[in-house]
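J.: Submitted below is the structure of interest, expressed as structure tokens.
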Number of protein chains: 4
Amino acid sequence: MGIAHLGHAELRVKDLEASREFFTEALGLFVSEETDDQVFLRAWQDWDHHTLVLTQAPESSLGHVAWRVEAAEDLRDFERRLGRAGVEVQWVEGSRGHGDSLRFRSPNTGIPLELYWEVEKFRNQDEGLESRLPSHPQRYTGKGVAPRRFDHVNFLVDDVRQSQEWFTEALGIRHNYYVVGSDEARLGSWMSKTNLSHEIAFMRNRRQDGDHLHHVAYFLDSPDVLIRGATILIDAGYRIEWGPGTHGTSGAIFLYVFEPSGHRVEVWTGGFLVFAPDWEPIRWDPETAPLGLEMWGSPVPDSYFAYGTPLLPSQAGAALA
Amino acid sequence: MGIAHLGHAELRVKDLEASREFFTEALGLFVSEETDDQVFLRAWQDWDHHTLVLTQAPESSLGHVAWRVEAAEDLRDFERRLGRAGVEVQWVEGSRGHGDSLRFRSPNTGIPLELYWEVEKFRNQDEGLESRLPSHPQRYTGKGVAPRRFDHVNFLVDDVRQSQEWFTEALGIRHNYYVVGSDEARLGSWMSKTNLSHEIAFMRNRRQDGDHLHHVAYFLDSPDVLIRGATILIDAGYRIEWGPGTHGTSGAIFLYVFEPSGHRVEVWTGGFLVFAPDWEPIRWDPETAPLGLEMWGSPVPDSYFAYGTPLLPSQAGAALA
Amino acid sequence: MGIAHLGHAELRVKDLEASREFFTEALGLFVSEETDDQVFLRAWQDWDHHTLVLTQAPESSLGHVAWRVEAAEDLRDFERRLGRAGVEVQWVEGSRGHGDSLRFRSPNTGIPLELYWEVEKFRNQDEGLESRLPSHPQRYTGKGVAPRRFDHVNFLVDDVRQSQEWFTEALGIRHNYYVVGSDEARLGSWMSKTNLSHEIAFMRNRRQDGDHLHHVAYFLDSPDVLIRGATILIDAGYRIEWGPGTHGTSGAIFLYVFEPSGHRVEVWTGGFLVFAPDWEPIRWDPETAPLGLEMWGSPVPDSYFAYGTPLLPSQAGAALA
Amino acid sequence: MGIAHLGHAELRVKDLEASREFFTEALGLFVSEETDDQVFLRAWQDWDHHTLVLTQAPESSLGHVAWRVEAAEDLRDFERRLGRAGVEVQWVEGSRGHGDSLRFRSPNTGIPLELYWEVEKFRNQDEGLESRLPSHPQRYTGKGVAPRRFDHVNFLVDDVRQSQEWFTEALGIRHNYYVVGSDEARLGSWMSKTNLSHEIAFMRNRRQDGDHLHHVAYFLDSPDVLIRGATILIDAGYRIEWGPGTHGTSGAIFLYVFEPSGHRVEVWTGGFLVFAPDWEPIRWDPETAPLGLEMWGSPVPDSYFAYGTPLLPSQAGAALA
């Protein structure tokens with residue numbers, strides 16, 4: 001009972017055409033549906049209708065982050081519990097790819113969140129993209145960076161500890177590892193409901209100017225695929241912010257790149273899974289944190305802890321697609 | 001509530017020294033503890049005391065397969081439920097690596113099973129094997145095939161459907177995909193409690209001469225690591241039964257090798273995870289099954305559906321270590 | 001002085017459209033020029049105008065295999081030396097991609113050969129394919145299997161030893177390794193002029209029905225790329241004959257696939273280079289030959305030593321493009 | 001006629017024990033011979049007796065760099081030609097691994113060089129290291145970073161252009177690519193006699209304080225192996241200076257690490273080969289040079305163009321081992 005897994009993210013983008021080009025041609029996602037101002041995307045082995053929505057908007061921001069619940073009745077249950085906790089919730093009618101959903105903001109951080117149950121499974125029937133394998137929702141073409149699946153979202157927040165605690169207490173997301181500074185200030189926390197090392201993470205915003213989206217991430221099959229992807233991205237003219245490197249915290253071999261509307265996108269591979277039901281969050285203190293941040297020793301770009309894209313302003317909440 | 005994840009397997013081996021050599025020097029597991037007649041092993045990022053036990057025995061067989069439960073009270077709960085279902089259970093006092101456990105046989109298949117809750121976490125302090133990273137229970141040395149973690153067990157059984165159904169109904173293990181023959185006979189079923197594509201699997205024993213262990217499996221970081229591992233195994237004189245190949249069912253890129261006491265061992269990488277709480281088992285019928293079995297087209301060795309190692313005979317049950 | 005390196009091959013194909021689709025969309029070669037009945041192809045980092053020519057023809061066959069010489073004057077030199085040895089040579093006017101060339105047949109084997117000196121370097125200026133890097137003749141897109149460069153050609157011949165000796169004596173191609181059968185019969189020989197382990201190879205035709213093209217080969221960057229490529233080829237509906245496997249002889253990790261007009265194509269990676277100027281050919285005798293053929297142990301398909309595509313009949317020689 | 005290929009390098013090390021530990025346990029080279037103050041090392045598929053010599057010395061420096069010639073008579077020929085050009089040459093009696101050699105210093109740069117012809121091939125007969133494959137001079141164990149073969153040497157010099165020109169004119173080493181600064185100053189040149197993209201390279205010493213060894217390099221089989229190696233090196237406590245990154249110039253995916261006596265060591269993979277006999281050196285100008293230096297965008301460490309280890313002082317020349 002509760003949340004099952006992270007489902008998708010909506011990125012509002014100021015240049016839909018350029019962002020669409022990045023995500024389809026360079027990153028290698030596939031369009032499952034498209035309207036005048038929205039593109040629904042998925043990685044080749046994402047099972048659901050979409051894991052990313054691009055929405056044309058005057059300014060780039062995070063539209064929302066959506067989690068699937070474990071059973072239909074969980075939606076009503078969350079409505080009650082969140083209401084009791086003073087969180088304002090809103091029902092949104094189901095449309096493309098999933099059924100009715102519950103929308104709300106996380107307190108303090110103000111992250112636009114969505115919970116849903118019904119979902120449309122994807123099976124590509126387009127000529128040239130249909131697969132002979134029941135285990136392939138579509139053919140594997142290897143186009144672009146070619147991630148296998150959607151993985152996680154990461155936020156720059158002013159108060160990491162508060163953010164982590166609310167997601168653990170209100171939504172039941174497990175705390176897997178964290179970094180503390182010399183004054184015991186929480187610098188980062190990584191969390192998941194599934195066995196993944198993290199589906200959502202919070203890192204301290206060095207500028208302390210409010211909460212921002214840090215990045216959305218897709219998962220690759222191997223270090224080799226990541227390195228091949230780096231060359232594809234560069235030769236196509238995009239800018240890699242950082243990587244390839246390895247976060248010692250998760251073992252994630254990573255690459256961060258900016259898409260044309262300004263959002264940071266991560267592709268990564270490797271890392272560990274969490275199976276223990278009584279998992280103790282791993283603590284990284286000032287001595288070990290540098291290895292946790294990048295174990296091979298490459299310097300952190302200044303932008304990494306200072307740049308993010310805004311969360312959709314609250315007054316725009318009613319317009320969430 | 002219920003089972004959390006697959007924890008470890010015990011292989012009884014007729015040549016402990018040769019098997020130890022295979023698992024440590026060629027496969028690249030590490031010894032966490034050792035007695036006169038037992039060796040406790042783990043992959044470099046297995047978090048618990050061990051994931052494999054080798055026990056010296058007159059004949060090679062599967063000693064037992066152990067699952068960790070989600071909470072301490074689950075053990076008593078399973079004792080009651082299994083007892084009501086007529087399964088004979090036995091308490092075994094905790095010893096190396098974990099606390100008191102519940103032992104029993106799966107009905108019909110007779111697989112020796114163990115459930116436990118308390119577990120000893122591992123942290124290598126040996127000179128040359130300790131790591132500076134809190135996320136590494138020990139240093140990563142890359143020695144041998146160097147799997148990251150224990151993954152699954154697989155059985156050859158006379159009745160796949162019956163086996164799958166009992167594990168789903170009595171133990172709550174989710175059914176993820178299956179293969180049916182031309183007469184609708186169930187040829188294989190793959191199952192898990194976690195997000196892994198399978199922690200346990202059943203395949204039809206072509207000889208129909210009783211249930212056997214097919215293999216135990218460890219997980220590798222990439223196809224490249226697997227191919228490197230194939231060369232290490234061959235140059236060290238071991239025999240690869242099959243692979244590298246890809247099971248289209250899971251996307252697993254696999255390699256099967258025989259260890260010196262006769263047990264089949266798989267190392268694999270890739271594949272998908274299952275996140276959907278309402279996952280529908282994927283059906284592979286006679287038309288698609290060949291792609292499911294090996295999608296690149298390499299022929300299945302005759303031994304694959306006919307050879308396994310015995311389950312520990314029941315009368316020996318009391319002696320389980 | 002003499003031959004510099006293998007340059008390109010011409011495959012005559014009975015289904016130009018299907019073959020073009022295979023080589024561009026699945027294998028990931030790029031078209032540098034195209035006419036009504038010919039397609040000129042190259043891998044992304046092939047520096048010359050083309051390394052493969054597809055020519056529409058009533059029957060599939062090998063058109064010719066071309067080698068670049070080390071200097072302009074080598075062409076006249078080879079004309080004299082081959083003439084003295086009784087080999088009929090013919091000058092062909094330069095056209096697409098290279099200058100005037102010398103055409104002839106290898107004695108006994110009758111392989112259609114070409115020597116040339118002048119060559120057109122390639123630089124892609126097409127929108128979306130031009131690269132910012134002077135070291136990239138075109139952008140790296142990762143499309144399809146995406147080999148880096150053309151590598152070698154391989155023939156099934158009735159007399160391996162005779163074929164090898166002529167190429168060594170008349171053309172100066174170094175003999176790098178060979179396999180002998182129980183009766184000392186030569187079963188295969190691999191040769192090169194460059195540091196590659198082989199640019200040309202001869203294997204014994206089990207059917208002894210004349211010399212055939214066995215395959216043309218392109219080189220991949222890593223085992224991971226090869227495994228990714230296997231899945232692309234299968235999901236696109238092509239048939240892999242053999243692989244992934246490793247030839248112990250060269251260390252080549254290989255994959256053989258049939259293109260739609262019936263030619264066998266290899267993609268491979270790994271292996272060793274030959275630097276010693278006094279290299280002694282490595283001998284593989286009946287005891288070690290199985291490891292040399294496939295060191296991991298996968299069985300050789302029956303077709304491997306029995307199927308090839310014909311050499312262009314001699315009377316058609318005048319029509320070579 | 002002339003030089004065949006780069007053969008080996010001698011590193012004089014102030015801490016032989018620590019350097020030996022690095023090269024054998026972490027890098028994964030193998031000892032083929034050992035004396036009180038020297039260790040002879042090779043990668044698993046290096047065919048010759050050694051490709052690296054470690055010599056105990058009061059200060060770390062480059063002992064010498066050795067090239068094999070194409071035929072026995074080339075040694076006398078070089079003796080004459082170098083003598084005519086005013087280069088002082090010295091004959092050294094053959095000892096471990098190769099025959100008599102010619103020693104001299106490159107003018108201006110003063111690099112201690114050696115030419116030799118006779119060489120001892122290596123075949124490991126030690127228990128546990130012998131291979132069943134004639135193509136494996138020893139068993140492949142995958143130990144440590146596990147490079148396949150020795151690759152190249154690189155120098156920091158005050159005058160790149162002069163250095164390159166002498167090696168091309170006096171020794172016949174082909175110039176493959178170079179970088180020029182905004183004032184047309186030559187910043188780097190990469191050269192080879194074989195098909196490798198470089199066997200020797202010169203980069204401008206930012207401190208202009210004389211010529212130094214920049215690094216010696218070994219070749220890896222794939223990007224995945226390099227990334228695995230990075231984690232091995234870090235977990236063993238060594239410091240990576242730079243990488244993984246990609247030099248756009250050669251396509252080399254690289255990693256630089258310092259061994260305990262202070263020498264920089266590179267391991268790398270990928271990149272292109274040079275086959276054209278009329279290869280035009282690729283020019284990288286100020287606009288493209290950043291991509292040439294590191295195409296993914298990671299910043300160059302300050303030490304990279306400023307730190308090297310000394311060349312063995314000339315007066316010590318007579319003592320070269």
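To be explicit about the labels: the chains of the structure tokens are called A, B, and onward in the order shown, and within each one the residues are counted from 1, while ligands get numbers from 1 in the order they are shown.
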Would you write out, as CSV, a table of all residues in chain C that have an atom no more than 9 Å from an atom of chain B, listing for each the closest atom pair and the distance in Å to one decimal, considering only C-alpha atoms and ordering rows by chain and rising residue number?

T.:
```
residue,atom,partner,partner_atom,distance
C:Ser222,CA,B:Asp224,CA,7.7
C:Pro223,CA,B:Asp224,CA,5.6
C:Asp224,CA,B:Asp224,CA,5.2
C:Val225,CA,B:Asp224,CA,8.9
C:Ile227,CA,B:Pro223,CA,7.1
C:Arg228,CA,B:Pro223,CA,8.8
C:Ala230,CA,B:Trp296,CA,6.6
C:Thr231,CA,B:Trp296,CA,7.1
C:Leu233,CA,B:Trp296,CA,8.7
C:Ile234,CA,B:Trp296,CA,6.4
C:Asp235,CA,B:Met295,CA,8.8
C:Arg239,CA,B:Gly297,CA,7.8
C:Ile240,CA,B:Trp296,CA,6.4
C:Glu241,CA,B:Gly297,CA,7.6
C:Trp242,CA,B:Ser298,CA,7.0
C:Gly243,CA,B:Ser298,CA,7.3
C:Pro244,CA,B:Pro244,CA,6.6
C:Gly245,CA,B:Pro244,CA,7.4
C:Thr246,CA,B:Thr231,CA,8.7
C:Ile253,CA,B:Ile227,CA,8.8
C:Met295,CA,B:Ile234,CA,7.2
C:Trp296,CA,B:Ile234,CA,6.4
C:Gly297,CA,B:Ile240,CA,6.6
C:Ser298,CA,B:Trp242,CA,7.0
C:Pro299,CA,B:Pro299,CA,8.2
```

J.: So which residues touch Arg96 of chain D within 12 Å, counting only C-alpha atoms, skipping near sequence neighbours fewer than 4 positions away, as number ranges by chain?

T.: D: 32-35, 38-41, 48-53, 92, 100-101, 118-122, 321

J.: Using the selection just defined, write its residues with N, CA and C atoms as a compact mmCIF listing (two decimals), in the first residue's frame.

T.:
```
# COMPACT_ATOMS: atom_id res chain seq x y z
N SER D 32 58.49 -10.64 -16.06
CA SER D 32 59.11 -11.72 -16.82
C SER D 32 60.51 -12.03 -16.31
N GLU D 33 61.12 -11.07 -15.63
CA GLU D 33 62.43 -11.32 -15.04
C GLU D 33 62.66 -10.25 -13.98
N GLU D 34 63.56 -10.53 -13.07
CA GLU D 34 63.73 -9.62 -11.94
C GLU D 34 65.14 -9.78 -11.38
N THR D 35 65.78 -8.66 -11.06
CA THR D 35 67.07 -8.71 -10.39
C THR D 35 66.95 -7.89 -9.11
N GLN D 38 66.24 -4.32 -10.69
CA GLN D 38 65.44 -4.12 -11.89
C GLN D 38 64.28 -5.12 -11.96
N VAL D 39 63.17 -4.65 -12.51
CA VAL D 39 62.02 -5.51 -12.75
C VAL D 39 61.64 -5.35 -14.22
N PHE D 40 61.53 -6.47 -14.93
CA PHE D 40 61.16 -6.46 -16.34
C PHE D 40 59.69 -6.86 -16.46
N LEU D 41 58.92 -6.01 -17.10
CA LEU D 41 57.47 -6.18 -17.10
C LEU D 41 56.91 -6.23 -18.51
N ASP D 48 57.05 -9.76 -26.60
CA ASP D 48 58.47 -9.77 -26.30
C ASP D 48 58.73 -9.93 -24.79
N HIS D 49 59.99 -10.14 -24.48
CA HIS D 49 60.43 -10.38 -23.10
C HIS D 49 59.94 -9.31 -22.14
N HIS D 50 60.01 -8.07 -22.55
CA HIS D 50 59.49 -7.00 -21.70
C HIS D 50 59.15 -5.77 -22.54
N THR D 51 58.29 -4.94 -22.00
CA THR D 51 57.98 -3.66 -22.64
C THR D 51 58.22 -2.51 -21.66
N LEU D 52 58.51 -2.87 -20.42
CA LEU D 52 58.81 -1.85 -19.42
C LEU D 52 59.88 -2.39 -18.48
N VAL D 53 60.85 -1.54 -18.17
CA VAL D 53 61.87 -1.90 -17.18
C VAL D 53 61.79 -0.87 -16.06
N VAL D 92 75.81 -0.97 -26.92
CA VAL D 92 75.63 -1.61 -25.61
C VAL D 92 75.41 -3.10 -25.85
N ASP D 100 72.42 -6.84 -28.90
CA ASP D 100 73.20 -5.60 -28.87
C ASP D 100 72.36 -4.43 -29.35
N SER D 101 72.61 -3.28 -28.73
CA SER D 101 71.80 -2.13 -29.12
C SER D 101 72.67 -0.89 -29.28
N GLU D 118 67.76 -7.98 -32.32
CA GLU D 118 67.45 -9.30 -31.76
C GLU D 118 66.56 -9.16 -30.53
N VAL D 119 65.62 -10.07 -30.43
CA VAL D 119 64.68 -9.96 -29.34
C VAL D 119 64.30 -11.35 -28.85
N GLU D 120 64.04 -11.46 -27.58
CA GLU D 120 63.62 -12.73 -27.00
C GLU D 120 62.11 -12.76 -26.88
N LYS D 121 61.51 -13.74 -27.55
CA LYS D 121 60.06 -13.85 -27.44
C LYS D 121 59.69 -14.43 -26.08
N PHE D 122 58.53 -14.04 -25.60
CA PHE D 122 58.12 -14.50 -24.28
C PHE D 122 57.08 -15.61 -24.38
N ALA D 321 71.15 0.65 -18.15
CA ALA D 321 71.09 -0.82 -18.04
C ALA D 321 70.53 -1.43 -19.32
```

J.: Pull the strand (DSSP E) assignments for segment 128-248 of chain B out of DSSP run on the backbone, and list those residues as a PyMOL selection string.

T.: chain B and resi 149-157+174-180+186-192+200-204+212-219+240-247

J.: Interatomic distance between atom CA of Thr168 of chain A and atom CA of Phe272 of chain A?

T.: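 Interatomic distance here is 20.4 Å.
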
J.: Find the residues near Thr141 of chain A: any atom within 10 Å, counting only C-alpha atoms, skip ones fewer than 5 places away on the same chain, and give them as a PyMOL selection string.

T.: (chain A and resi 28+44+128-129+146) or (chain C and resi 25-26+143-145+228-229+231-233+235-236)

J.: Include N, CA and C atoms and write out the residues we just selected as a PDB file, in the first residue's frame.

T.:
```
ATOM      1  N   GLY A  28      17.642   9.772 -28.035  1.00  0.00           N
ATOM      2  CA  GLY A  28      17.130   8.496 -28.540  1.00  0.00           C
ATOM      3  C   GLY A  28      15.857   8.020 -27.862  1.00  0.00           C
ATOM      4  N   TRP A  44      13.187   3.081 -25.022  1.00  0.00           N
ATOM      5  CA  TRP A  44      12.731   1.926 -25.812  1.00  0.00           C
ATOM      6  C   TRP A  44      12.130   0.814 -24.965  1.00  0.00           C
ATOM      7  N   GLY A 128       8.522  -0.660 -38.857  1.00  0.00           N
ATOM      8  CA  GLY A 128       9.927  -0.395 -38.597  1.00  0.00           C
ATOM      9  C   GLY A 128      10.233  -0.246 -37.120  1.00  0.00           C
ATOM     10  N   LEU A 129       9.207  -0.141 -36.294  1.00  0.00           N
ATOM     11  CA  LEU A 129       9.472  -0.008 -34.854  1.00  0.00           C
ATOM     12  C   LEU A 129       8.824  -1.110 -34.020  1.00  0.00           C
ATOM     13  N   ALA A 146      20.289   6.184 -26.640  1.00  0.00           N
ATOM     14  CA  ALA A 146      19.528   4.934 -26.496  1.00  0.00           C
ATOM     15  C   ALA A 146      19.415   4.391 -25.078  1.00  0.00           C
TER      16      ALA A 146
ATOM     17  N   GLU C  25      20.939   1.107 -42.795  1.00  0.00           N
ATOM     18  CA  GLU C  25      20.077   1.238 -41.613  1.00  0.00           C
ATOM     19  C   GLU C  25      20.464   0.291 -40.487  1.00  0.00           C
ATOM     20  N   ALA C  26      20.818  -0.945 -40.826  1.00  0.00           N
ATOM     21  CA  ALA C  26      21.130  -1.920 -39.772  1.00  0.00           C
ATOM     22  C   ALA C  26      22.617  -1.909 -39.431  1.00  0.00           C
ATOM     23  N   LYS C 143      24.443   5.359 -35.276  1.00  0.00           N
ATOM     24  CA  LYS C 143      23.326   4.689 -35.970  1.00  0.00           C
ATOM     25  C   LYS C 143      23.654   3.239 -36.337  1.00  0.00           C
ATOM     26  N   GLY C 144      22.709   2.341 -36.089  1.00  0.00           N
ATOM     27  CA  GLY C 144      22.891   0.931 -36.429  1.00  0.00           C
ATOM     28  C   GLY C 144      24.041   0.313 -35.649  1.00  0.00           C
ATOM     29  N   VAL C 145      24.644  -0.720 -36.214  1.00  0.00           N
ATOM     30  CA  VAL C 145      25.761  -1.383 -35.527  1.00  0.00           C
ATOM     31  C   VAL C 145      26.950  -0.425 -35.417  1.00  0.00           C
ATOM     32  N   ARG C 228      25.478  -5.021 -28.503  1.00  0.00           N
ATOM     33  CA  ARG C 228      24.402  -4.088 -28.859  1.00  0.00           C
ATOM     34  C   ARG C 228      24.002  -4.297 -30.320  1.00  0.00           C
ATOM     35  N   GLY C 229      24.999  -4.496 -31.184  1.00  0.00           N
ATOM     36  CA  GLY C 229      24.734  -4.690 -32.604  1.00  0.00           C
ATOM     37  C   GLY C 229      23.973  -5.973 -32.877  1.00  0.00           C
ATOM     38  N   THR C 231      21.723  -7.339 -31.073  1.00  0.00           N
ATOM     39  CA  THR C 231      20.309  -7.117 -30.773  1.00  0.00           C
ATOM     40  C   THR C 231      19.647  -6.245 -31.840  1.00  0.00           C
ATOM     41  N   ILE C 232      20.358  -5.249 -32.327  1.00  0.00           N
ATOM     42  CA  ILE C 232      19.825  -4.423 -33.413  1.00  0.00           C
ATOM     43  C   ILE C 232      19.544  -5.280 -34.647  1.00  0.00           C
ATOM     44  N   LEU C 233      20.498  -6.139 -35.021  1.00  0.00           N
ATOM     45  CA  LEU C 233      20.348  -6.961 -36.220  1.00  0.00           C
ATOM     46  C   LEU C 233      19.169  -7.924 -36.089  1.00  0.00           C
ATOM     47  N   ASP C 235      16.548  -7.675 -33.985  1.00  0.00           N
ATOM     48  CA  ASP C 235      15.262  -6.989 -33.866  1.00  0.00           C
ATOM     49  C   ASP C 235      14.850  -6.389 -35.214  1.00  0.00           C
ATOM     50  N   ALA C 236      15.812  -6.225 -36.125  1.00  0.00           N
ATOM     51  CA  ALA C 236      15.484  -5.750 -37.470  1.00  0.00           C
ATOM     52  C   ALA C 236      15.176  -6.910 -38.414  1.00  0.00           C
TER      53      ALA C 236
END
```

J.: What residues in segment 103-255 of chain B get the DSSP label helix (DSSP H, G or I)? Please answer as a PyMOL selection string.

T.: chain B and resi 160-171+223-235

J.: From the options C:Gly308, C:Gly86, C:Gly94, C:Gly2, which residue's atoms come nearest to Arg207 of chain C, counting only C-alpha atoms?

T.: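 Nearest candidate to Arg207 of chain C out of C:Gly308, C:Gly86, C:Gly94, C:Gly2: C:Gly308.
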
J.: Grab the atom CA of Asp37 of chain C to atom CA of Lys14 of chain C distance for me, in Å with one decimal place.

T.: 10.7 Å

J.: Set the distance at 10 Å and use only C-alpha atoms: which residues neighbour Glu59 of chain B once local chain neighbours fewer than 2 positions away are removed? I'd like the list as number ranges by chain.

T.: B: 12-15, 56-57, 61-62, 261-262, 309-310, 312

J.: Which residue out of D:Gln45, D:Thr269, D:Gln208, D:Ser106 has the minimum interatomic distance to Glu165 of chain D when only C-alpha atoms are used?

T.: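 Of D:Gln45, D:Thr269, D:Gln208, D:Ser106, the one nearest Glu165 of chain D, counting only C-alpha atoms, is D:Ser106.
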